[in-house]
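Next comes input31.cif, with mmCIF, C-alpha atoms.
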```cif
data_final
#
loop_
_atom_site.label_atom_id
_atom_site.label_comp_id
_atom_site.auth_asym_id
_atom_site.auth_seq_id
_atom_site.Cartn_x
_atom_site.Cartn_y
_atom_site.Cartn_z
CA MET A 107 -5.18 -27.84 -3.81
CA PRO A 108 -6.57 -25.03 -5.98
CA ARG A 109 -3.98 -22.34 -6.65
CA GLN A 110 -4.68 -18.74 -5.74
CA THR A 111 -5.83 -16.47 -8.52
CA PRO A 112 -2.84 -14.22 -9.22
CA SER A 113 -2.97 -10.57 -8.28
CA GLN A 114 -2.78 -7.85 -10.93
CA THR A 115 -2.40 -4.10 -10.63
CA ILE A 116 -5.51 -2.02 -9.97
CA GLY A 117 -4.44 0.27 -12.84
CA PRO A 118 -5.08 4.00 -13.06
CA PHE A 119 -8.82 4.02 -13.81
CA PHE A 120 -10.50 2.33 -10.84
CA GLY A 121 -12.17 5.48 -9.55
CA PHE A 122 -15.43 5.32 -11.49
CA GLY A 123 -15.79 1.66 -10.60
CA LEU A 124 -14.83 1.41 -6.94
CA VAL A 125 -15.35 4.86 -5.45
CA PRO A 126 -17.60 6.54 -8.06
CA ASP A 127 -19.02 9.19 -5.76
CA GLN A 128 -15.52 10.50 -5.01
CA TYR A 129 -14.79 10.87 -8.74
CA GLY A 130 -17.98 12.65 -9.73
CA PHE A 131 -19.95 9.62 -10.88
CA ALA A 132 -23.43 8.70 -9.78
CA GLY A 133 -24.00 5.74 -7.54
CA THR A 134 -23.39 4.67 -4.00
CA ALA A 135 -19.88 3.53 -3.27
CA VAL A 136 -19.16 0.72 -0.88
CA GLY A 137 -16.99 2.48 1.67
CA GLY A 138 -15.73 6.05 1.64
CA GLY A 139 -13.75 8.57 3.63
CA THR A 140 -16.35 9.02 6.34
CA MET A 141 -16.15 5.85 8.38
CA ALA A 142 -18.05 6.74 11.53
CA ALA A 143 -21.61 8.05 11.51
CA ASP A 144 -22.61 10.57 14.16
CA GLN A 145 -24.12 7.96 16.48
CA VAL A 146 -20.94 5.85 16.68
CA PRO A 147 -19.35 6.31 20.10
CA GLY A 148 -15.67 7.13 20.24
CA GLN A 149 -13.03 9.80 19.93
CA ARG A 150 -13.43 11.53 16.57
CA ILE A 151 -10.19 11.60 14.60
CA ARG A 152 -9.05 12.49 11.09
CA ILE A 153 -6.27 10.70 9.27
CA VAL A 154 -4.71 12.65 6.43
CA GLY A 155 -1.79 11.80 4.20
CA LYS A 156 -0.25 11.29 0.79
CA VAL A 157 1.49 8.47 -1.00
CA PHE A 158 4.96 9.10 -2.47
CA ASP A 159 6.87 7.11 -5.06
CA GLY A 160 10.61 6.46 -5.13
CA ALA A 161 11.32 9.83 -6.73
CA GLY A 162 9.43 11.61 -3.95
CA THR A 163 6.55 12.40 -6.29
CA MET A 164 3.03 12.34 -4.92
CA VAL A 165 0.98 9.42 -6.27
CA PRO A 166 -2.30 10.75 -7.68
CA ASP A 167 -3.87 7.39 -8.53
CA ALA A 168 -3.69 5.25 -5.40
CA LEU A 169 -6.55 3.56 -3.57
CA ILE A 170 -6.22 3.41 0.23
CA GLU A 171 -8.40 1.11 2.28
CA LEU A 172 -8.60 1.31 6.06
CA TRP A 173 -9.91 -1.34 8.37
CA GLN A 174 -10.07 -1.01 12.14
CA ALA A 175 -11.74 -2.06 15.34
CA ASP A 176 -14.31 0.04 17.17
CA ARG A 177 -13.72 2.06 20.33
CA ALA A 178 -13.74 -1.11 22.44
CA GLY A 179 -11.30 -2.96 20.17
CA ARG A 180 -13.93 -5.12 18.44
CA TYR A 181 -13.87 -5.85 14.72
CA ASP A 182 -17.06 -5.77 12.70
CA GLY A 183 -18.27 -9.23 11.78
CA SER A 184 -16.05 -11.10 14.19
CA ALA A 185 -18.04 -14.29 14.59
CA GLY A 186 -18.30 -16.38 17.71
CA GLU A 187 -17.54 -13.59 20.13
CA PRO A 188 -19.20 -13.60 23.53
CA GLN A 189 -22.15 -11.25 23.75
CA ASP A 190 -20.29 -8.52 25.59
CA ARG A 191 -17.70 -8.43 22.80
CA LEU A 192 -20.16 -7.79 19.99
CA PRO A 193 -18.94 -4.96 17.83
CA ASN A 194 -20.76 -1.67 17.57
CA ALA A 195 -23.40 -2.36 14.93
CA ALA A 196 -23.26 1.15 13.50
CA PHE A 197 -19.54 1.01 12.84
CA HIS A 198 -18.14 -1.24 10.12
CA GLY A 199 -14.58 -0.02 10.50
CA PHE A 200 -14.01 0.08 6.76
CA GLY A 201 -13.18 3.01 4.52
CA ARG A 202 -11.58 3.62 1.16
CA VAL A 203 -10.44 6.68 -0.69
CA GLY A 204 -8.82 7.31 -4.06
CA THR A 205 -6.09 9.94 -4.01
CA GLY A 206 -7.14 11.21 -7.45
CA ALA A 207 -10.34 12.54 -5.91
CA ASP A 208 -8.44 15.27 -4.04
CA PRO A 209 -6.83 18.15 -5.97
CA ASP A 210 -3.75 17.83 -3.76
CA GLY A 211 -3.64 14.05 -3.99
CA ARG A 212 -4.36 13.55 -0.32
CA PHE A 213 -6.40 10.85 1.33
CA LEU A 214 -8.58 11.93 4.23
CA PHE A 215 -10.51 9.67 6.57
CA GLU A 216 -12.87 10.71 9.31
CA THR A 217 -13.21 7.94 11.84
CA ILE A 218 -12.86 7.12 15.52
CA LYS A 219 -9.80 6.10 17.47
CA PRO A 220 -9.81 2.30 17.75
CA GLY A 221 -9.40 0.53 21.07
CA SER A 222 -6.80 -2.12 21.72
CA VAL A 223 -8.00 -5.35 20.14
CA ASP A 224 -6.48 -7.71 22.67
CA GLY A 225 -5.05 -5.64 25.50
CA LEU A 226 -1.57 -6.23 24.12
CA GLN A 227 -1.52 -4.37 20.85
CA ALA A 228 -1.57 -0.61 20.74
CA PRO A 229 -4.50 1.05 18.95
CA HIS A 230 -3.93 0.73 15.23
CA VAL A 231 -5.63 0.85 11.85
CA HIS A 232 -4.93 -1.58 9.01
CA VAL A 233 -4.05 -0.09 5.66
CA THR A 234 -4.28 -1.78 2.27
CA LEU A 235 -2.81 0.13 -0.64
CA PHE A 236 -3.34 -0.35 -4.36
CA MET A 237 -2.02 1.60 -7.34
CA ARG A 238 -0.87 1.47 -10.92
CA GLY A 239 2.64 0.03 -10.87
CA LEU A 240 1.87 -2.12 -7.84
CA LEU A 241 1.26 -5.65 -9.09
CA ARG A 242 0.11 -6.79 -5.64
CA HIS A 243 -1.38 -4.67 -2.91
CA VAL A 244 0.67 -3.87 0.16
CA CYS A 245 -0.50 -3.82 3.77
CA THR A 246 0.68 -1.66 6.61
CA ARG A 247 -0.55 -0.31 9.95
CA ILE A 248 -1.21 3.13 11.32
CA TYR A 249 -0.28 3.66 14.97
CA PHE A 250 -0.79 6.93 16.84
CA SER A 251 1.89 9.29 18.14
CA ASP A 252 -0.10 10.03 21.31
CA GLU A 253 -0.09 6.34 22.31
CA HIS A 254 3.59 6.34 23.08
CA GLU A 255 3.51 3.93 26.03
CA ALA A 256 1.24 1.46 24.27
CA ASN A 257 3.37 1.65 21.12
CA LEU A 258 6.48 0.75 23.10
CA ARG A 259 4.82 -2.49 24.22
CA ASP A 260 3.10 -3.36 20.94
CA PRO A 261 4.18 -6.85 19.85
CA VAL A 262 4.01 -6.01 16.15
CA LEU A 263 5.91 -2.72 16.40
CA CYS A 264 8.52 -4.52 18.48
CA THR A 265 9.29 -6.84 15.56
CA VAL A 266 9.98 -3.84 13.31
CA PRO A 267 13.59 -2.69 13.12
CA ARG A 268 13.89 0.29 15.44
CA GLY A 269 14.98 2.69 12.71
CA ARG A 270 11.85 2.00 10.65
CA ARG A 271 9.16 2.15 13.35
CA ASP A 272 8.47 5.82 12.78
CA THR A 273 7.13 5.01 9.31
CA LEU A 274 4.13 3.42 11.05
CA ILE A 275 3.25 6.19 13.47
CA ALA A 276 0.74 8.84 12.48
CA GLN A 277 1.73 12.20 13.95
CA ARG A 278 -0.92 14.16 15.76
CA ASP A 279 -0.96 17.77 14.73
CA ASP A 280 -1.18 19.69 17.99
CA ALA A 281 -1.82 22.91 16.14
CA LEU A 282 -5.22 21.54 15.18
CA SER A 283 -7.82 20.96 17.84
CA ASP A 284 -9.71 18.25 16.01
CA HIS A 285 -7.37 15.31 16.49
CA THR A 286 -5.87 15.24 13.04
CA TYR A 287 -3.12 12.72 12.43
CA SER A 288 -0.86 12.83 9.42
CA PHE A 289 0.37 9.62 7.90
CA ASP A 290 2.34 9.61 4.65
CA ILE A 291 3.24 6.43 2.82
CA HIS A 292 6.59 6.16 1.06
CA MET A 293 6.99 3.33 -1.41
CA GLN A 294 10.78 3.56 -1.53
CA GLY A 295 13.71 5.52 -0.19
CA GLU A 296 15.08 6.30 3.25
CA ARG A 297 11.62 6.62 4.70
CA GLU A 298 10.18 3.56 2.90
CA THR A 299 7.09 2.54 4.86
CA VAL A 300 7.19 -0.84 6.56
CA PHE A 301 4.79 -3.23 4.85
CA PHE A 302 3.59 -6.48 6.35
CA ASP A 303 3.19 -9.94 4.94
CA VAL A 304 -0.33 -10.79 6.07
CA MET B 296 17.62 -5.85 -3.75
CA ALA B 297 15.17 -8.41 -5.06
CA ILE B 298 12.28 -9.54 -2.91
CA ARG B 299 12.01 -13.28 -3.30
CA GLU B 300 8.66 -14.95 -3.83
CA PRO B 301 7.79 -18.13 -1.97
CA ALA B 302 8.03 -21.27 -4.10
CA GLY B 303 4.73 -22.10 -5.75
CA SER B 304 3.33 -18.58 -5.42
CA THR B 305 1.06 -17.58 -8.26
CA HIS B 306 1.52 -13.87 -7.61
CA PRO B 307 3.69 -11.45 -9.55
CA PRO B 308 6.73 -9.90 -7.89
CA TYR B 309 6.49 -6.27 -6.78
CA ARG B 310 9.22 -5.19 -9.12
CA PHE B 311 8.99 -6.35 -12.73
CA ALA B 312 11.43 -4.68 -15.08
CA ASP B 313 9.24 -4.87 -18.18
CA TYR B 314 6.43 -3.01 -16.40
CA ALA B 315 7.99 0.44 -16.12
CA SER B 316 5.69 1.83 -13.42
CA THR B 317 6.94 -0.75 -10.91
CA ARG B 318 10.36 0.92 -10.92
CA LEU B 319 9.41 3.79 -8.62
CA ARG B 320 6.35 2.26 -6.98
CA ALA B 321 7.37 -1.24 -5.91
CA PRO B 322 8.59 -1.51 -2.33
CA THR B 323 12.25 -2.46 -2.13
CA GLN B 324 12.17 -4.08 1.31
CA ALA B 325 10.57 -7.47 1.86
CA PRO B 326 7.26 -7.30 3.74
CA LEU B 327 7.67 -8.22 7.40
CA LEU B 328 6.04 -11.42 8.51
CA VAL B 329 4.12 -10.86 11.72
CA PRO B 330 2.56 -13.81 13.51
CA GLU B 331 -0.94 -13.37 14.90
CA PHE B 332 -1.36 -10.30 12.79
CA LEU B 333 -5.12 -10.41 13.06
CA PRO B 334 -7.71 -12.42 14.94
CA GLY B 335 -8.40 -15.38 12.66
CA GLY B 336 -10.91 -15.02 9.90
CA THR B 337 -11.84 -11.39 10.36
CA GLY B 338 -11.69 -8.79 7.64
CA PRO B 339 -13.72 -6.00 6.18
CA ALA B 340 -17.07 -7.11 4.82
CA PRO B 341 -18.24 -3.92 3.17
CA ALA B 342 -21.96 -3.48 3.52
CA SER B 343 -23.63 -4.86 0.44
CA ALA B 344 -27.16 -3.83 1.35
CA ALA B 345 -27.04 -1.23 -1.38
CA LEU B 346 -26.60 -3.77 -4.18
CA SER B 347 -29.32 -4.10 -6.80
CA PRO B 348 -29.60 -6.67 -9.63
CA LEU B 349 -28.97 -3.87 -12.13
CA ASP B 350 -25.50 -3.44 -10.64
CA ALA B 351 -24.49 -6.77 -12.21
CA ASP B 352 -25.79 -5.89 -15.68
CA LEU B 353 -23.36 -3.47 -17.31
CA THR B 354 -25.33 -3.62 -20.56
CA ARG B 355 -28.12 -1.79 -18.74
CA ASN B 356 -26.72 0.14 -15.79
CA GLY B 357 -25.15 2.91 -17.85
CA ARG B 358 -27.91 3.48 -20.38
CA ARG B 359 -29.03 6.99 -21.23
CA ASN B 360 -30.77 6.84 -24.59
CA GLY B 361 -30.07 3.43 -26.07
CA GLU B 362 -28.05 0.26 -25.93
CA PRO B 363 -24.30 0.21 -25.45
CA ILE B 364 -22.22 -0.65 -28.50
CA GLY B 365 -20.27 -3.90 -28.64
CA GLU B 366 -20.41 -7.64 -28.18
CA ARG B 367 -22.66 -8.60 -25.27
CA ILE B 368 -21.03 -11.18 -23.01
CA LYS B 369 -21.71 -12.92 -19.73
CA VAL B 370 -18.93 -13.40 -17.22
CA THR B 371 -19.69 -16.04 -14.62
CA GLY B 372 -17.63 -18.03 -12.18
CA GLN B 373 -17.30 -19.62 -8.80
CA ILE B 374 -15.21 -18.31 -5.91
CA VAL B 375 -13.53 -20.92 -3.75
CA ASP B 376 -10.73 -20.90 -1.19
CA GLU B 377 -7.53 -22.89 -1.45
CA ALA B 378 -9.24 -25.90 0.13
CA GLY B 379 -11.85 -25.78 -2.62
CA HIS B 380 -14.65 -24.61 -0.34
CA PRO B 381 -17.09 -22.17 -1.92
CA VAL B 382 -16.87 -18.59 -0.68
CA PRO B 383 -20.37 -17.15 -0.29
CA GLY B 384 -21.09 -13.50 0.33
CA ALA B 385 -17.97 -12.16 -1.35
CA LEU B 386 -18.33 -8.66 -2.77
CA VAL B 387 -17.21 -8.74 -6.43
CA GLU B 388 -16.69 -5.39 -8.16
CA ILE B 389 -15.66 -5.06 -11.80
CA TRP B 390 -14.66 -2.18 -14.04
CA GLN B 391 -13.47 -2.07 -17.63
CA ALA B 392 -13.02 -0.13 -20.86
CA ASN B 393 -15.86 0.05 -23.37
CA ALA B 394 -15.89 -1.82 -26.69
CA ALA B 395 -13.64 0.83 -28.23
CA GLY B 396 -11.03 0.50 -25.49
CA ARG B 397 -11.90 3.70 -23.59
CA TYR B 398 -12.60 4.02 -19.88
CA ALA B 399 -15.29 6.32 -18.54
CA GLN B 400 -12.70 7.82 -16.17
CA PRO B 401 -11.94 11.37 -17.39
CA THR B 402 -8.20 10.84 -16.90
CA ASP B 403 -8.25 8.26 -19.70
CA GLN B 404 -7.03 10.29 -22.68
CA HIS B 405 -7.08 7.50 -25.26
CA ASP B 406 -8.47 8.85 -28.52
CA ALA B 407 -11.33 6.38 -28.83
CA PRO B 408 -15.03 7.17 -28.48
CA LEU B 409 -16.85 7.13 -25.17
CA ASP B 410 -20.13 5.24 -25.24
CA PRO B 411 -22.89 7.36 -23.69
CA ASN B 412 -24.75 4.17 -22.81
CA PHE B 413 -21.94 2.30 -21.15
CA LEU B 414 -20.30 3.08 -17.83
CA GLY B 415 -18.25 -0.09 -17.44
CA ALA B 416 -18.65 -0.65 -13.70
CA GLY B 417 -20.63 -3.30 -11.84
CA ARG B 418 -20.80 -5.32 -8.66
CA CYS B 419 -22.51 -8.30 -7.11
CA GLU B 420 -22.20 -10.68 -4.21
CA SER B 421 -21.38 -14.37 -4.56
CA ASP B 422 -24.28 -16.68 -3.73
CA ALA B 423 -24.42 -19.57 -1.26
CA SER B 424 -22.31 -21.75 -3.57
CA GLY B 425 -19.79 -19.00 -4.24
CA ARG B 426 -21.13 -18.23 -7.73
CA PHE B 427 -21.27 -14.80 -9.29
CA GLY B 428 -22.27 -13.45 -12.68
CA PHE B 429 -22.24 -10.29 -14.76
CA ARG B 430 -23.57 -9.29 -18.12
CA THR B 431 -21.40 -6.75 -19.91
CA ILE B 432 -19.82 -5.65 -23.19
CA LYS B 433 -16.56 -7.19 -24.31
CA PRO B 434 -13.88 -4.57 -23.57
CA GLY B 435 -11.60 -3.36 -26.34
CA ALA B 436 -7.81 -3.27 -26.36
CA TYR B 437 -6.11 0.09 -25.87
CA PRO B 438 -2.63 1.56 -26.20
CA TRP B 439 -0.57 2.62 -23.20
CA GLN B 440 2.76 4.31 -22.65
CA ASN B 441 4.80 1.49 -21.15
CA HIS B 442 6.95 0.90 -24.25
CA PRO B 443 6.72 1.73 -27.97
CA ASN B 444 3.52 0.40 -29.55
CA ALA B 445 2.31 -1.08 -26.28
CA TRP B 446 -1.29 -2.35 -26.15
CA ARG B 447 -3.19 -3.84 -23.25
CA PRO B 448 -5.03 -7.05 -24.11
CA ASN B 449 -8.80 -7.10 -23.60
CA HIS B 450 -9.42 -7.35 -19.88
CA VAL B 451 -11.89 -6.84 -17.07
CA HIS B 452 -10.66 -5.58 -13.69
CA LEU B 453 -12.00 -7.37 -10.61
CA SER B 454 -11.90 -6.51 -6.91
CA LEU B 455 -12.89 -9.13 -4.32
CA PHE B 456 -13.51 -9.02 -0.60
CA GLY B 457 -13.45 -12.54 0.79
CA PRO B 458 -14.15 -13.46 4.38
CA GLY B 459 -10.77 -12.45 5.82
CA PHE B 460 -8.27 -9.63 5.59
CA GLY B 461 -5.83 -12.02 3.88
CA SER B 462 -8.29 -12.94 1.15
CA ARG B 463 -8.48 -9.45 -0.39
CA LEU B 464 -7.75 -9.65 -4.11
CA VAL B 465 -7.58 -7.23 -7.01
CA THR B 466 -6.90 -8.83 -10.37
CA GLN B 467 -7.67 -8.77 -14.09
CA MET B 468 -9.49 -11.30 -16.25
CA TYR B 469 -8.28 -11.88 -19.80
CA PHE B 470 -9.86 -13.54 -22.84
CA PRO B 471 -8.74 -16.78 -24.49
CA GLY B 472 -6.79 -16.57 -27.73
CA ASP B 473 -5.84 -12.90 -27.38
CA PRO B 474 -2.63 -12.33 -29.39
CA LEU B 475 -1.68 -9.41 -27.13
CA LEU B 476 -1.37 -11.60 -24.04
CA SER B 477 2.15 -12.84 -24.76
CA LEU B 478 3.27 -9.22 -25.32
CA ASP B 479 1.73 -7.75 -22.16
CA PRO B 480 4.13 -7.12 -19.28
CA ILE B 481 1.35 -6.96 -16.69
CA PHE B 482 0.07 -10.41 -17.70
CA ASN B 483 3.64 -11.69 -18.06
CA SER B 484 4.55 -10.51 -14.57
CA VAL B 485 2.70 -13.58 -13.29
CA PRO B 486 4.81 -16.77 -13.04
CA GLU B 487 4.49 -18.62 -16.32
CA ASP B 488 2.76 -21.67 -14.86
CA ALA B 489 0.07 -19.49 -13.27
CA ARG B 490 -0.83 -17.22 -16.20
CA ASP B 491 -3.62 -19.49 -17.40
CA LEU B 492 -5.40 -18.80 -14.11
CA LEU B 493 -6.10 -15.28 -15.39
CA VAL B 494 -7.58 -16.36 -18.72
CA ALA B 495 -11.32 -16.97 -18.83
CA ARG B 496 -12.70 -19.98 -20.71
CA PHE B 497 -15.27 -19.68 -23.46
CA ASP B 498 -18.39 -21.27 -21.98
CA LEU B 499 -20.86 -22.42 -24.62
CA ALA B 500 -23.28 -23.78 -22.03
CA GLN B 501 -23.72 -20.34 -20.46
CA THR B 502 -24.25 -18.43 -23.68
CA GLU B 503 -27.67 -16.92 -24.22
CA PRO B 504 -28.59 -17.92 -27.77
CA GLY B 505 -29.18 -14.88 -29.92
CA ILE B 506 -28.15 -12.52 -27.11
CA ALA B 507 -24.76 -13.00 -25.49
CA LEU B 508 -21.61 -15.13 -25.54
CA ALA B 509 -20.31 -16.37 -22.20
CA PHE B 510 -16.95 -16.65 -20.48
CA ARG B 511 -16.19 -18.49 -17.28
CA PHE B 512 -13.70 -17.13 -14.75
CA ASP B 513 -13.30 -19.10 -11.56
CA ILE B 514 -11.49 -17.44 -8.68
CA VAL B 515 -9.45 -18.91 -5.85
CA LEU B 516 -8.99 -16.70 -2.81
CA ARG B 517 -6.37 -17.15 -0.19
CA GLY B 518 -7.51 -19.37 2.65
CA PRO B 519 -8.62 -21.71 4.26
CA GLU B 520 -7.90 -19.70 7.40
CA ALA B 521 -10.34 -17.28 5.86
CA THR B 522 -13.28 -19.68 5.59
CA PRO B 523 -16.30 -18.83 7.69
CA ARG B 524 -16.66 -20.86 10.84
CA GLU B 525 -19.12 -23.75 10.89
CA ALA B 526 -22.36 -22.84 12.60
#
```

structure tokens encoding of this file:
Amino acid sequence: MPRQTPSQTIGPFFGFGLVPDQYGFAGTAVGGGTMAADQVPGQRIRIVGKVFDGAGTMVPDALIELWQADRAGRYDGSAGEPQDRLPNAAFHGFGRVGTGADPDGRFLFETIKPGSVDGLQAPHVHVTLFMRGLLRHVCTRIYFSDEHEANLRDPVLCTVPRGRRDTLIAQRDDALSDHTYSFDIHMQGERETVFFDV
Amino acid sequence: MAIREPAGSTHPPYRFADYASTRLRAPTQAPLLVPEFLPGGTGPAPASAALSPLDADLTRNGRRNGEPIGERIKVTGQIVDEAGHPVPGALVEIWQANAAGRYAQPTDQHDAPLDPNFLGAGRCESDASGRFGFRTIKPGAYPWQNHPNAWRPNHVHLSLFGPGFGSRLVTQMYFPGDPLLSLDPIFNSVPEDARDLLVARFDLAQTEPGIALAFRFDIVLRGPEATPREA
């Protein structure tokens, strides 16, 4: 059986290669912070956050990738689905942002709230995170603070030790009218984000 | 607390003492295993409609007023899954330093010249048999701050989107015979018996006589749960 090609760190200088438009280079990037075009149906939301290292210092050279289902809980490209489960063709559900592109080191995604993918799981967004000093990427999930009932029943959240579940829940900022959720990622420490083995 | 790797894994650990940046950035808790994490075989397939053939030729895609400086090389390979099945339609993105060991990224402060005719970024999609290819300039070595007199070996960064969420891979390709390899903590973070998987082979058959040398770098993505379904 062929052995998997080993992972290596993304290093500090991926910006001009993977998300050139965010770093002031010419060229069309594959994926960006704006995930949903105007014609995509769904509740508009923004997800904003930062990544922190074990000293509590903001990480200015991380790459965050999001992947999510559409409003009806359908993933782009899911083959073999019955016709009524076809995903929204205008929504690919993929975005990626480098934190070095923002003067404050934030990532900001403009997307839509995903639906439940199977009727069991609460609405969530998959996160893949790369950075210098991370020899393999890590994966986590964003859940939403205003889906409290669904979160309580979510089979994945229920496997997470109770004291760590909050690290996966993006907090809606009620002071803002535009459905902004904040979601910080902590690599280490008391609030170390739960990562998943996928 | 050490996170243990499964036996036979080719991947580096999160924390690797000789690579200083892992100290504050590696997670300390083992990733949680969640069954049925995703519906089988789905994952982001970033739209590749925007790709043009020039994207795969780094000797041309950054030109302003002449040719880039350095040794022209081809990098080709085949992408397969762990069952050996070719992976077609994978998005392959690469980025690298120029021949002098300097990245185009402004945050790279290494005192080596930028090449106005070389960007160092490219992308392509694997074909029906999982093959991909780039033409580029052999990247130079460069110093970094990890430890006194630390130098990164020549390398090309690669990012791959396979058919499933679990097949995502970011890695680095190295060159055969590089004396810096055995001194490099990032390369050495990989289990010893898997390091060769990151070293390209010189490929005489793929050289373009009079124009470019060639290196072959085959890639194995996680799978087979990630293989596309049979039609």

Which residue out of A:Ala135, A:Val233, A:Ala178, A:Met164 has the minimum interatomic distance to Pro147 (chain A) when all atoms listed in the file are used?
->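 Ranked by minimum distance to Pro147 (chain A), first place goes to A:Ala178.
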
For the structure provided, state which residues fall under the PyMOL selection byres ((chain A) within 6 of (chain B)), and present them as a CSV table (one decimal) with C-alpha atoms, keeping the file's coordinate frame.
```csv
chain,number,residue,atom,x,y,z
A,107,MET,CA,-5.2,-27.8,-3.8
A,108,PRO,CA,-6.6,-25.0,-6.0
A,110,GLN,CA,-4.7,-18.7,-5.7
A,111,THR,CA,-5.8,-16.5,-8.5
A,112,PRO,CA,-2.8,-14.2,-9.2
A,113,SER,CA,-3.0,-10.6,-8.3
A,114,GLN,CA,-2.8,-7.8,-10.9
A,119,PHE,CA,-8.8,4.0,-13.8
A,122,PHE,CA,-15.4,5.3,-11.5
A,123,GLY,CA,-15.8,1.7,-10.6
A,159,ASP,CA,6.9,7.1,-5.1
A,160,GLY,CA,10.6,6.5,-5.1
A,184,SER,CA,-16.0,-11.1,14.2
A,239,GLY,CA,2.6,0.0,-10.9
A,240,LEU,CA,1.9,-2.1,-7.8
A,241,LEU,CA,1.3,-5.6,-9.1
A,293,MET,CA,7.0,3.3,-1.4
A,294,GLN,CA,10.8,3.6,-1.5
A,301,PHE,CA,4.8,-3.2,4.8
A,302,PHE,CA,3.6,-6.5,6.4
A,303,ASP,CA,3.2,-9.9,4.9
```

- Task: Spell out the residues picked by the PyMOL selection byres ((chain B and resi 404-411) around 12) here, as JSON, numbers by chain.
- Result: {"A": [118, 119], "B": [354, 355, 356, 357, 358, 359, 360, 361, 362, 363, 364, 365, 392, 393, 394, 395, 396, 397, 398, 399, 400, 401, 402, 403, 412, 413, 414, 415, 432, 434, 435, 436, 437, 438, 439, 440, 446]}

Original post:
Of the candidates A:Val231, A:Ile218, A:Ala161, A:Val244, which one gets nearest to Val146 (chain A) if we count all atoms listed in the file?
Top reply: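 Under the stated criterion, the closest residue is A:Ile218.
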
Could you tell me which residues the PyMOL selection byres ((chain A and resi 214) around 8) grabs in this file, written as a compact mmCIF listing (two decimals) with C-alpha atoms, in the frame of the given file?
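For reference, out.txt as written:
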```txt
# COMPACT_ATOMS: atom_id res chain seq x y z
CA GLY A 139 -13.75 8.57 3.63
CA ARG A 152 -9.05 12.49 11.09
CA ILE A 153 -6.27 10.70 9.27
CA VAL A 154 -4.71 12.65 6.43
CA GLY A 155 -1.79 11.80 4.20
CA VAL A 203 -10.44 6.68 -0.69
CA ARG A 212 -4.36 13.55 -0.32
CA PHE A 213 -6.40 10.85 1.33
CA PHE A 215 -10.51 9.67 6.57
CA GLU A 216 -12.87 10.71 9.31
```

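When only C-alpha atoms are used to compute distances to Ser421 (chain B), the closest of the residues B:Leu455, B:Ala385, B:Ala507, B:Ala445 turns out to be B:Ala385.
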
Review point. Restricting the calculation to all atoms listed in the file, which member of A:Leu258, A:Ala142, A:Leu124, A:Ala207 is positioned closest to Pro229 (chain A)?
Key: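 Using all atoms listed in the file, the shortest distance to Pro229 (chain A) belongs to A:Leu258.
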
For Arg259 (chain A), please output as an NGL selection string all residues within 8 Å (counting all atoms listed in the file; exclusion window: fewer than 2 positions along the same chain). :A and (226-228 or 255-257 or 261 or 263-264)

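For Gly138 (chain A), the list of residues within 9 Å, based on all atoms listed in the file and with local chain neighbours fewer than 3 positions off taken out, reads Val125, Asp127, Gln128, Ala135, Met141, Glu171, Phe200, Gly201, Arg202, Val203 and Phe215 of chain A.
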
Residues as selected, C-alpha atoms, written as a PDB file, keeping the file's coordinate frame, can you do that?
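And here is the file that came out, selection-v5.pdb:
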```pdb
ATOM      1  CA  VAL A 125     -15.350   4.860  -5.450  1.00  0.00           C
ATOM      2  CA  ASP A 127     -19.020   9.190  -5.760  1.00  0.00           C
ATOM      3  CA  GLN A 128     -15.520  10.500  -5.010  1.00  0.00           C
ATOM      4  CA  ALA A 135     -19.880   3.530  -3.270  1.00  0.00           C
ATOM      5  CA  MET A 141     -16.150   5.850   8.380  1.00  0.00           C
ATOM      6  CA  GLU A 171      -8.400   1.110   2.280  1.00  0.00           C
ATOM      7  CA  PHE A 200     -14.010   0.080   6.760  1.00  0.00           C
ATOM      8  CA  GLY A 201     -13.180   3.010   4.520  1.00  0.00           C
ATOM      9  CA  ARG A 202     -11.580   3.620   1.160  1.00  0.00           C
ATOM     10  CA  VAL A 203     -10.440   6.680  -0.690  1.00  0.00           C
ATOM     11  CA  PHE A 215     -10.510   9.670   6.570  1.00  0.00           C
TER      12      PHE A 215
END
```

Students should find that CA of Ile248 (chain A) and CA of Gly211 (chain A) are spaced 19.0 Å

ask   = What does the distance between CA of Thr115 (chain A) and CA of His450 (chain B) come to in Å, to one decimal place?
value =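 That distance, rounded to one decimal, is 12.1 Å.
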
Counting all atoms listed in the file, note down every residue that has an atom within 6 Å of the point (-18.3, -14.8, -0.4) (file coordinates), as a compact mmCIF listing (two decimals) with C-alpha atoms, in the coordinates of the input.
```txt
# COMPACT_ATOMS: atom_id res chain seq x y z
CA VAL B 382 -16.87 -18.59 -0.68
CA PRO B 383 -20.37 -17.15 -0.29
CA GLY B 384 -21.09 -13.50 0.33
CA ALA B 385 -17.97 -12.16 -1.35
CA SER B 421 -21.38 -14.37 -4.56
CA GLY B 425 -19.79 -19.00 -4.24
CA GLY B 457 -13.45 -12.54 0.79
```

Discussion item. Report, in Å to a single decimal, how far apart CA of Cys245 (chain A) and CA of Tyr287 (chain A) are.
Written reply: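 CA of Cys245 (chain A) lies at a distance of 18.9 Å from CA of Tyr287 (chain A).
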
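Closest approach to Ser347 (chain B) among B:Cys419, B:Ala509, B:Val451, B:Leu499 is made by B:Cys419 (distances from all atoms listed in the file).
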
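Residues surrounding Gln174 (chain A) within 7 Å are Leu172, Asp176, Tyr181, Gly199, Phe200, Pro220, Val231 and His232 of chain A [only C-alpha atoms; sequence separation below 2 positions excluded].
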